[in-house]
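These notes concern the structure reproduced below.
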Amino acid sequence: MPNPTVTAEAAGIQIPLLGFGTWQLEPDDARRMVRTALEIGYRHIDTAWIYKNEQAVGEGIRDSGVPRDEIFLTTKIWVAHFADGDLQRQAEESATSLGTVPDLLLLHWPKREPAMQETVRALNDARARGLTRHIGLSNFPSAAFEEAQGYSDAPLITNQVEHHPYLSNRPLIETARTLGSTLTAWSPLAQGQIADDATLIEIGKAHGKTPGQVTLRWLVQQGIIAIPRTQKENRARENFDIWDFQLSGDEMQRISGLARPDGRIGDWLDPAFQWDAAA
Ligand SMILES: NC(=O)c1ccc[n+]([C@@H]2O[C@H](COP(=O)([O-])OP(=O)(O)OC[C@H]3O[C@@H](n4cnc5c(N)ncnc54)[C@H](OP(=O)(O)O)[C@@H]3O)[C@@H](O)[C@H]2O)c1
């Protein structure tokens with residue numbers, strides 16, 4: 001049975017483990033697919049100011065008729081808005097475009113200018129002003145994550161990073177756990193690469209599941225939040241249908257073993273920072 005209520009927890013806050021991503025969805029598709037995803041049972045939606053679809057995402061939420069308080073909605077502060085004042089202005093703009101205050105506001109990518117302390121304080125101020133319920137990070141290596149939490153009064157409840165079977169993020173996962181936070185996997189399907197993977201196909205056959213379903217199950221079974229994206233209704237259903245089977249310890253290990261040194265797909269990390277060494 002689909003179970004949208006399975007959550008990860010950080011600082012007492014529940015985050016649905018399976019969400020729906022909207023990067024690269026044009027406004028019409030974003031509105032249609034957000035409504036569709038919520039009708040299917042998703043209760044977690046991911047967008048960002050830079051995706052230029054926040055207004056459509058808000059419309060899709062209202063079209064669905066699902067009560068707002070049943071939905072966990074995330075958006076992100078773009079790197080051009082990291083100065084004190086600019087950040088709060090974007091937070092206000094995002095809430096206005098969405099037509100609702102987001103549950104979670106993330107810093108999209110780490111940056112050295114302005115100083116991280118200024119940006120994290122501004123993020124806390126946006127929260128204190130009621131422009132978001134919670135705050136967090138995206139694409140922060142461990143050292144930057146620890147530094148940011150040191151500046152933050154409120155808990156940073158997730159670090160959203162690229163994560164899928166081809167990328168080992170063991171140190172980042174450990175850092176999130178140590179800080180009492182969570183990891184959210186972006187590009188959880190490696191942007192579709194999982195579809196042709198012989199190992200994932202074979203494991204899927206044993207369970208009557210697709211490579212995409214096996215991959216998402218592998219993530220949520222580790223307590224990692226996943227936010228797959230699709231513009232197709234049938235795939236949105238497929239990606240949500242992962243609650244009626246379990247991967248064995250051996251299968252979990254085989255999937256983790258697919259990680260490779262060149263597995264990263266989207267790297268826009270500022271050279272002032274460095275990814276954790278692969279474990
Ligand atoms: N914080 C960040 O910096 C950051 C960066 C990137 C992404 N994200 C977030 O993470 C979300 C997901 O990442 P993503 O969009 O890069 O990639 P993804 O979810 O890994 O993959 C999406 C691609 O896979 C295809 N697909 C979907 N379901 C499938 C399935 N069951 N089997 C085979 N192919 C499937 C989709 O094609 P169809 O549409 O044709 O189905 C699409 O081309 C984004 O939408 C965004 O919300 C965040």
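Ordering of the structure tokens sets the chain letters (A, B, ...), residue numbers begin anew at 1 in every chain, and ligands are numbered from 1 in the order given.
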Worksheet entry | Contacts of ligand 1, 8 Å or closer, only C-alpha atoms and all ligand atoms, given as a ChimeraX atom specification | /A:20-25,45-48,76,108-109,138-139,160-162,164,185-195,210-213,226-232,235-236,238-239,266
Item to complete: Tell me, as a PyMOL selection string, which residues lie within 9 Å of A:Thr96, counting only C-alpha atoms; anything in the same chain fewer than 5 positions away does not count.
Response: chain A and resi 55+91+101
Emit the selected residues as a PDB file, in the first residue's frame, including N, CA, C and O atoms.
```pdb
ATOM      1  N   GLN A  55       5.356  29.746  -8.705  1.00  0.00           N
ATOM      2  CA  GLN A  55       3.939  30.109  -8.787  1.00  0.00           C
ATOM      3  C   GLN A  55       3.111  28.916  -9.263  1.00  0.00           C
ATOM      4  O   GLN A  55       2.050  28.602  -8.700  1.00  0.00           O
ATOM      5  N   ALA A  91      13.015  35.381   0.177  1.00  0.00           N
ATOM      6  CA  ALA A  91      12.120  34.504   0.941  1.00  0.00           C
ATOM      7  C   ALA A  91      10.680  35.015   0.856  1.00  0.00           C
ATOM      8  O   ALA A  91       9.730  34.235   0.695  1.00  0.00           O
ATOM      9  N   VAL A 101       3.471  29.916   2.810  1.00  0.00           N
ATOM     10  CA  VAL A 101       4.797  29.868   3.441  1.00  0.00           C
ATOM     11  C   VAL A 101       5.351  28.449   3.286  1.00  0.00           C
ATOM     12  O   VAL A 101       4.655  27.483   3.602  1.00  0.00           O
TER      13      VAL A 101
END
```
Worksheet item: With only C-alpha atoms as the basis for distance, which of A:Gln88, A:Trp268, A:His44, A:Val220 is at the shortest distance from A:Leu104?
Response: A:His44
Fill in: Among the residues A:Ser64, A:Thr175, A:Thr75, A:Thr215, the one that comes closest to A:Gly41 [using only C-alpha atoms]
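Closest residue, counting only C-alpha atoms: A:Ser64.
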Worksheet item: as a PyMOL selection string, which residues of stretch 78-251 of chain A does DSSP assign to helix (DSSP H, G or I)?
Response: chain A and resi 79-81+86-98+116-128+142-151+170-178+190-196+198-207+211-220+233-240+249-251
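Excluding A:Asp276 itself and any same-chain residue fewer than 2 positions from it, the protein and nucleic acid residues within 12 Å of it, counting only C-alpha atoms, are Asn139, Phe140, Pro141, Ser142, Ala143, Ala144, Phe145, Val161, Leu167, Ser168, Asn169, Arg170, Pro171, Leu172, Ile173, Glu174, Thr175, Leu269, Phe273, Gln274, Ala278 and Ala279 of chain A.
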Can I get the selection written as a compact mmCIF listing (two decimals), in the first residue's frame, with N, CA, C and O atoms?
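The result, written out as part-v8.txt:
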```txt
# COMPACT_ATOMS: atom_id res chain seq x y z
N ASN A 139 23.68 21.04 -0.99
CA ASN A 139 25.01 20.94 -1.61
C ASN A 139 26.13 21.43 -0.70
O ASN A 139 27.12 22.00 -1.18
N PHE A 140 25.99 21.22 0.60
CA PHE A 140 27.04 21.60 1.54
C PHE A 140 27.90 20.39 1.88
O PHE A 140 27.40 19.41 2.45
N PRO A 141 29.21 20.41 1.55
CA PRO A 141 30.12 19.36 2.03
C PRO A 141 30.12 19.36 3.56
O PRO A 141 29.71 20.33 4.19
N SER A 142 30.66 18.27 4.16
CA SER A 142 30.57 18.11 5.62
C SER A 142 31.11 19.30 6.39
O SER A 142 30.48 19.80 7.33
N ALA A 143 32.31 19.78 6.01
CA ALA A 143 32.93 20.87 6.78
C ALA A 143 32.06 22.12 6.73
O ALA A 143 31.88 22.81 7.75
N ALA A 144 31.48 22.42 5.57
CA ALA A 144 30.63 23.60 5.43
C ALA A 144 29.32 23.41 6.20
O ALA A 144 28.77 24.36 6.78
N PHE A 145 28.80 22.18 6.20
CA PHE A 145 27.57 21.87 6.93
C PHE A 145 27.80 22.12 8.43
O PHE A 145 27.01 22.80 9.11
N VAL A 161 21.55 16.91 -1.38
CA VAL A 161 22.73 16.73 -2.23
C VAL A 161 22.46 15.69 -3.31
O VAL A 161 21.54 14.89 -3.19
N LEU A 167 26.98 7.12 -6.69
CA LEU A 167 27.76 8.10 -5.93
C LEU A 167 27.76 7.72 -4.46
O LEU A 167 26.71 7.68 -3.83
N SER A 168 28.96 7.45 -3.92
CA SER A 168 29.02 7.15 -2.48
C SER A 168 29.09 8.46 -1.71
O SER A 168 29.94 9.29 -1.97
N ASN A 169 28.17 8.63 -0.79
CA ASN A 169 28.16 9.85 0.03
C ASN A 169 28.27 9.49 1.50
O ASN A 169 27.74 10.19 2.35
N ARG A 170 28.96 8.40 1.78
CA ARG A 170 28.99 7.90 3.16
C ARG A 170 29.38 8.98 4.19
O ARG A 170 28.69 9.16 5.19
N PRO A 171 30.47 9.75 3.96
CA PRO A 171 30.82 10.77 4.96
C PRO A 171 29.73 11.82 5.16
O PRO A 171 29.45 12.22 6.28
N LEU A 172 29.08 12.22 4.05
CA LEU A 172 28.01 13.22 4.16
C LEU A 172 26.81 12.68 4.94
O LEU A 172 26.18 13.39 5.71
N ILE A 173 26.51 11.40 4.71
CA ILE A 173 25.38 10.76 5.42
C ILE A 173 25.70 10.71 6.91
O ILE A 173 24.86 11.03 7.76
N GLU A 174 26.94 10.37 7.23
CA GLU A 174 27.38 10.31 8.63
C GLU A 174 27.31 11.69 9.28
O GLU A 174 26.88 11.83 10.42
N THR A 175 27.76 12.71 8.56
CA THR A 175 27.72 14.08 9.10
C THR A 175 26.29 14.49 9.42
O THR A 175 26.02 15.04 10.50
N LEU A 269 29.78 23.11 -7.52
CA LEU A 269 30.31 23.54 -6.23
C LEU A 269 31.35 24.65 -6.43
O LEU A 269 32.26 24.52 -7.25
N PHE A 273 35.09 25.50 -1.91
CA PHE A 273 34.70 24.34 -1.10
C PHE A 273 35.16 23.07 -1.81
O PHE A 273 35.47 23.08 -2.99
N GLN A 274 35.15 21.98 -1.03
CA GLN A 274 35.57 20.70 -1.60
C GLN A 274 34.66 19.59 -1.11
O GLN A 274 34.36 19.53 0.10
N ALA A 278 35.41 10.35 -1.17
CA ALA A 278 34.52 9.18 -1.19
C ALA A 278 35.05 8.15 -0.19
O ALA A 278 36.26 7.97 -0.06
N ALA A 279 34.12 7.53 0.53
CA ALA A 279 34.55 6.54 1.53
C ALA A 279 34.89 5.23 0.85
O ALA A 279 34.35 4.91 -0.17
```
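Between A:Thr7 and the candidates A:Ser152, A:Gln221, A:Thr178, A:Thr36, the tightest atom-to-atom separation, counting only C-alpha atoms, involves A:Gln221.
Distances from A:Ala122, A:Ile50, A:Ile224, A:Leu137 to A:Asp84 were compared using only C-alpha atoms, and the smallest one belongs to A:Ala122.
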Worksheet entry | Residue list (strand (DSSP E or B), DSSP) for stretch 42-236 of chain A, as a PyMOL selection string | chain A and resi 44-46+72-77+104-107+134-138+156-162+183-186+225-226
Discussion item. Can you pull out the residues contacting A:Asn53? Cut-off 7 Å, using only C-alpha atoms, and skip same-chain residues under 2 positions away; I want them as a PyMOL selection string.
Written reply: chain A and resi 26-27+30+51+55-57
Could you take the residues named above and write them with N, CA, C and O atoms, as a short mmCIF file (atom, residue, chain, number, x, y, z; two decimals), in the first residue's frame?
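Written file, again25.cif:
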```cif
data_model
loop_
_atom_site.label_atom_id
_atom_site.label_comp_id
_atom_site.auth_asym_id
_atom_site.auth_seq_id
_atom_site.Cartn_x
_atom_site.Cartn_y
_atom_site.Cartn_z
N GLU A 26 8.62 23.06 -16.83
CA GLU A 26 8.07 24.35 -17.24
C GLU A 26 6.79 24.58 -16.43
O GLU A 26 6.16 23.60 -15.99
N PRO A 27 6.40 25.84 -16.24
CA PRO A 27 5.26 26.11 -15.37
C PRO A 27 4.02 25.23 -15.63
O PRO A 27 3.45 24.69 -14.68
N ALA A 30 4.78 21.80 -14.38
CA ALA A 30 4.93 21.82 -12.93
C ALA A 30 3.56 21.83 -12.26
O ALA A 30 3.30 21.06 -11.33
N TYR A 51 14.21 27.62 -10.29
CA TYR A 51 13.47 26.76 -11.24
C TYR A 51 12.39 27.55 -12.00
O TYR A 51 11.79 27.04 -12.94
N GLN A 55 5.36 29.75 -8.70
CA GLN A 55 3.94 30.11 -8.79
C GLN A 55 3.11 28.92 -9.26
O GLN A 55 2.05 28.60 -8.70
N ALA A 56 3.62 28.21 -10.28
CA ALA A 56 2.91 27.04 -10.82
C ALA A 56 2.83 25.93 -9.78
O ALA A 56 1.80 25.24 -9.68
N VAL A 57 3.87 25.76 -9.00
CA VAL A 57 3.85 24.74 -7.94
C VAL A 57 2.74 25.07 -6.93
O VAL A 57 1.95 24.20 -6.54
#
```
Fill in: Pairwise distance for atom CA of A:Gly204 and atom CA of A:Gly249, rounded to one decimal in Å
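We find that atom CA of A:Gly204 and atom CA of A:Gly249 lie 14.6 Å from each other.
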Item to complete: Go through A:Ala8, A:Leu107, A:Leu179, A:Val66 one by one, measure the shortest atom-to-atom distance of each to A:Ala80 using only C-alpha atoms, and give the residue with the smallest value.
Response: A:Leu107
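Atom pair atom CA of A:Leu106 / atom CA of A:Thr74: separated by 7.6 Å.
Separating atom CA of A:Pro165 from atom CA of A:Ile255 is a distance of 6.1 Å.
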